[in-house]
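Peer 1: Dropping the structure in here first, questions after.
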Amino acid sequence: MGKAAAAAPHEFLGFMMMNAKVYSLRYNIGEDLVDVKEVDLLNQLEISEVYHCDGLVLCVAMDHSKLVVWNPYLYQTRWIGPRLGENFNIRDIYSIGYSDKKRDHKILRFVDDYSAPGPTHVFRSEIYEISSDSWRVLEAKPKWEIQIDEHQRGVSVKGNTYFFAHERYNNCADVKDFLLCFDFTKERFGPRLPLPFHSYNEDCVTLSNVRDEQLAVLFGDFASSFFEIWVTLTVEPDYLSWNKFLRVETTALTSFRLDAFLGGSFFVDEENKVAVVFELDEYLSTFTPHQNKAFVFGQAGYIHSVTLGQVTKIQLLCPYSGEHIQAFLPPLVCSSSYRPSLVQVKQPLCTKGNATCSMGNG
């Protein structure tokens, strides 16, 4: 894949992760056709997470040893290591955004190792500045009663990142859930923001954005076999208002099931009142899925599905046991509204103390 261009008026252009690789994504409006193609520049790296903001793509390596920032338009990549003396952790949560003042692009590393009890519990936020190739630690919080699960991906809107979060369980199955915004200008988390529903641990909740202007959330009710999508009318770091976009009953759709832990990534086409949800196909009695699929839904329900390619089993680290396991991972879309960026991310020279130098020779 060469330089990425802006999407044509009749299509959405974005990026996704499938079988631990990064793919470009095109969705043809009106024809409901979804086409994907592996990104050659990144095919030597297995990816566990992928994020997008303002024309830049952030990838997390499957072994959690490094980050990669990619500018598809300039065809540039930068490999980023942790702070000197530090290691990235499987429980780390990342996002990419920018500040309003100078549009400085930054990466947030959110460390919340609740597996370490008492005084050894680790909580802090770190910021990596792309312009200076350096990490710095933000003020730590000694007591954090909020939990952002490591499988929950934040979504960028207007340079800030929104996370689905909840209170810590503390042996209680029913806890308050909400959104949190990390403001990249103020470099801090904002207040709890309301959701238009209440979810439980078994339910599927995923976030998406709409043209980088609004926030969208999918809620899949485990017990009732339906999902609904809401889109914000107003989105600010300290205020949200919602409007229901669609609701779909999935009882009769035997080939579709939302994975509450890793599945349910999606994007919406507001103009044509369509949502595209990415999942694995039907789970057989052996629990072996066959294909990665994009399911297209409209106001009246299911329209059709598009097969994206065969599922392969991926070896990954379990965040709870720390052991290697093999699993089928659902496809994960991180952007459907790509616009070219001129931000330079090419690999800087190695100088003492910078994040590039901390990568060593690897």
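Chains: A, B, ... in order of the structure tokens. Residues: from 1 per chain. Ligands: from 1, in order shown.
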Skipping near chain neighbours, those fewer than 5 positions away, what residues fall within 8 Å of Leu233 (chain A) using only C-alpha atoms, listed as number ranges by chain?
Peer 2: A: 214, 240-243
Peer 1: Write a file of the just-selected residues containing N, CA, C and O atoms, as a PDB file, in the first residue's frame.
Peer 2:
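Once written, result_38.pdb looks like this:
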```pdb
ATOM      1  N   GLN A 214     -18.268  13.642  16.332  1.00  0.00           N
ATOM      2  CA  GLN A 214     -19.193  13.148  17.339  1.00  0.00           C
ATOM      3  C   GLN A 214     -18.738  11.781  17.824  1.00  0.00           C
ATOM      4  O   GLN A 214     -17.945  11.091  17.175  1.00  0.00           O
ATOM      5  N   LEU A 240     -21.872  15.655  27.572  1.00  0.00           N
ATOM      6  CA  LEU A 240     -22.351  14.871  26.427  1.00  0.00           C
ATOM      7  C   LEU A 240     -23.869  14.905  26.404  1.00  0.00           C
ATOM      8  O   LEU A 240     -24.520  14.926  27.446  1.00  0.00           O
ATOM      9  N   SER A 241     -24.447  14.900  25.188  1.00  0.00           N
ATOM     10  CA  SER A 241     -25.877  14.643  25.025  1.00  0.00           C
ATOM     11  C   SER A 241     -26.035  13.642  23.896  1.00  0.00           C
ATOM     12  O   SER A 241     -25.235  13.621  22.953  1.00  0.00           O
ATOM     13  N   TRP A 242     -27.083  12.789  23.975  1.00  0.00           N
ATOM     14  CA  TRP A 242     -27.190  11.623  23.104  1.00  0.00           C
ATOM     15  C   TRP A 242     -28.479  11.608  22.298  1.00  0.00           C
ATOM     16  O   TRP A 242     -29.508  12.136  22.721  1.00  0.00           O
ATOM     17  N   ASN A 243     -28.421  10.902  21.155  1.00  0.00           N
ATOM     18  CA  ASN A 243     -29.587  10.607  20.333  1.00  0.00           C
ATOM     19  C   ASN A 243     -29.473   9.169  19.839  1.00  0.00           C
ATOM     20  O   ASN A 243     -28.406   8.758  19.371  1.00  0.00           O
TER      21      ASN A 243
END
```
Peer 1: What lies within 8 Å of Gln291 (chain A) using only C-alpha atoms, ignoring chain neighbours under 4 positions off, as an mmCIF file with all heavy atoms, in the first residue's frame?
Peer 2:
```cif
data_model
loop_
_atom_site.group_PDB
_atom_site.id
_atom_site.type_symbol
_atom_site.label_atom_id
_atom_site.label_comp_id
_atom_site.auth_asym_id
_atom_site.auth_seq_id
_atom_site.Cartn_x
_atom_site.Cartn_y
_atom_site.Cartn_z
ATOM 1 N N LEU A 280 -16.618 -11.895 14.356
ATOM 2 C CA LEU A 280 -16.384 -13.208 13.781
ATOM 3 C C LEU A 280 -17.718 -13.792 13.355
ATOM 4 O O LEU A 280 -18.771 -13.420 13.875
ATOM 5 C CB LEU A 280 -15.712 -14.124 14.809
ATOM 6 C CG LEU A 280 -14.390 -13.608 15.387
ATOM 7 C CD1 LEU A 280 -13.849 -14.595 16.415
ATOM 8 C CD2 LEU A 280 -13.364 -13.382 14.296
ATOM 9 N N ASP A 281 -17.674 -14.744 12.421
ATOM 10 C CA ASP A 281 -18.937 -15.340 11.966
ATOM 11 C C ASP A 281 -19.445 -16.346 12.992
ATOM 12 O O ASP A 281 -18.934 -16.440 14.104
ATOM 13 C CB ASP A 281 -18.766 -15.969 10.579
ATOM 14 C CG ASP A 281 -17.893 -17.224 10.596
ATOM 15 O OD1 ASP A 281 -17.252 -17.491 11.631
ATOM 16 O OD2 ASP A 281 -17.836 -17.918 9.582
ATOM 17 N N THR A 307 -17.730 -10.943 3.837
ATOM 18 C CA THR A 307 -16.622 -11.742 4.362
ATOM 19 C C THR A 307 -15.308 -11.031 4.081
ATOM 20 O O THR A 307 -15.015 -10.669 2.939
ATOM 21 C CB THR A 307 -16.616 -13.139 3.730
ATOM 22 O OG1 THR A 307 -17.844 -13.805 4.063
ATOM 23 C CG2 THR A 307 -15.451 -13.967 4.238
ATOM 24 N N LEU A 308 -14.503 -10.844 5.115
ATOM 25 C CA LEU A 308 -13.257 -10.094 5.005
ATOM 26 C C LEU A 308 -12.029 -10.991 4.912
ATOM 27 O O LEU A 308 -10.958 -10.524 4.522
ATOM 28 C CB LEU A 308 -13.103 -9.158 6.208
ATOM 29 C CG LEU A 308 -14.256 -8.190 6.470
ATOM 30 C CD1 LEU A 308 -13.996 -7.391 7.725
ATOM 31 C CD2 LEU A 308 -14.476 -7.279 5.269
ATOM 32 N N GLY A 309 -12.161 -12.238 5.276
ATOM 33 C CA GLY A 309 -11.020 -13.149 5.215
ATOM 34 C C GLY A 309 -11.101 -14.177 6.327
ATOM 35 O O GLY A 309 -11.852 -14.037 7.301
ATOM 36 N N GLN A 310 -10.311 -15.218 6.199
ATOM 37 C CA GLN A 310 -10.323 -16.320 7.157
ATOM 38 C C GLN A 310 -9.706 -15.903 8.486
ATOM 39 O O GLN A 310 -8.761 -15.114 8.539
ATOM 40 C CB GLN A 310 -9.567 -17.520 6.596
ATOM 41 C CG GLN A 310 -9.673 -18.774 7.441
ATOM 42 C CD GLN A 310 -9.085 -19.985 6.738
ATOM 43 O OE1 GLN A 310 -8.697 -19.906 5.584
ATOM 44 N NE2 GLN A 310 -9.012 -21.103 7.445
ATOM 45 N N VAL A 311 -10.257 -16.443 9.572
ATOM 46 C CA VAL A 311 -9.739 -16.182 10.905
ATOM 47 C C VAL A 311 -8.538 -17.078 11.172
ATOM 48 O O VAL A 311 -8.548 -18.263 10.840
ATOM 49 C CB VAL A 311 -10.811 -16.439 11.978
ATOM 50 C CG1 VAL A 311 -10.272 -16.124 13.366
ATOM 51 C CG2 VAL A 311 -12.053 -15.627 11.699
#
```
Peer 1: With only C-alpha atoms as the basis for distance, which of A:His105, A:Arg168, A:His304, A:Arg247 is at the shortest distance from Phe184 (chain A)?
Peer 2: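 Residue with the minimum atom-to-atom distance to Phe184 (chain A): A:His105.
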Peer 1: Please measure the separation of CA of Pro194 (chain A) and CA of Asp269 (chain A), giving the value in Å to one decimal.
Peer 2: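 For CA of Pro194 (chain A) relative to CA of Asp269 (chain A), the distance reads 23.6 Å.
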Peer 1: For the atom pair CA of Pro72 (chain A) and CA of Phe266 (chain A), what is the interatomic distance in Å to one decimal place?
Peer 2: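 Distance between the two atoms: 21.2 Å.
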Peer 1: At a cut-off of 8 Å, using only C-alpha atoms, what residues contact Asp104 (chain A)? Leave out same-chain residues fewer than 2 positions from it and give the result as a count of residues only.
Peer 2: 9
Peer 1: Compare A:Gln347, A:Asn292, A:Ser224, A:Gln326 by their minimum atom-to-atom distance to Val34 (chain A), counting only C-alpha atoms, and give me the closest one.
Peer 2: A:Asn292
Peer 1: Run DSSP on the backbone and tell me which residues of region 52-163 of chain A come out as strand (DSSP E); list them as an MDAnalysis selection string.
Peer 2: chainID A and resid 52:53 56:61 67:71 76:80 93:98 105:113 122:129 134:137 146:147 155:157 160:163
Peer 1: Hey, what's within 8 Å of Asp35 (chain A) if we count only C-alpha atoms and toss same-chain stuff fewer than 6 positions away? As a ChimeraX atom specification, please?
Peer 2: /A:25-27,308
Peer 1: Any idea what the distance is between CA of Trp79 (chain A) and CA of Phe123 (chain A)?
Peer 2: 24.7 Å
Peer 1: Excluding region 144-148 of chain A and its own-chain neighbours fewer than 3 positions away, which residues fall within 10 Å of it when counting only C-alpha atoms? Please give them as JSON, numbers by chain.
Peer 2: {"A": [93, 110, 112, 114, 122, 123, 124, 140, 141, 151, 152, 153, 154, 163, 164, 165, 166, 167, 168, 169, 176, 177, 178, 179, 180, 192]}
Peer 1: I'd like to know which of A:Val175, A:Leu33, A:Leu56, A:Ile127 is closest to Gln344 (chain A), using only C-alpha atoms.
Peer 2: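 For Gln344 (chain A), the nearest of the given residues is A:Leu56.
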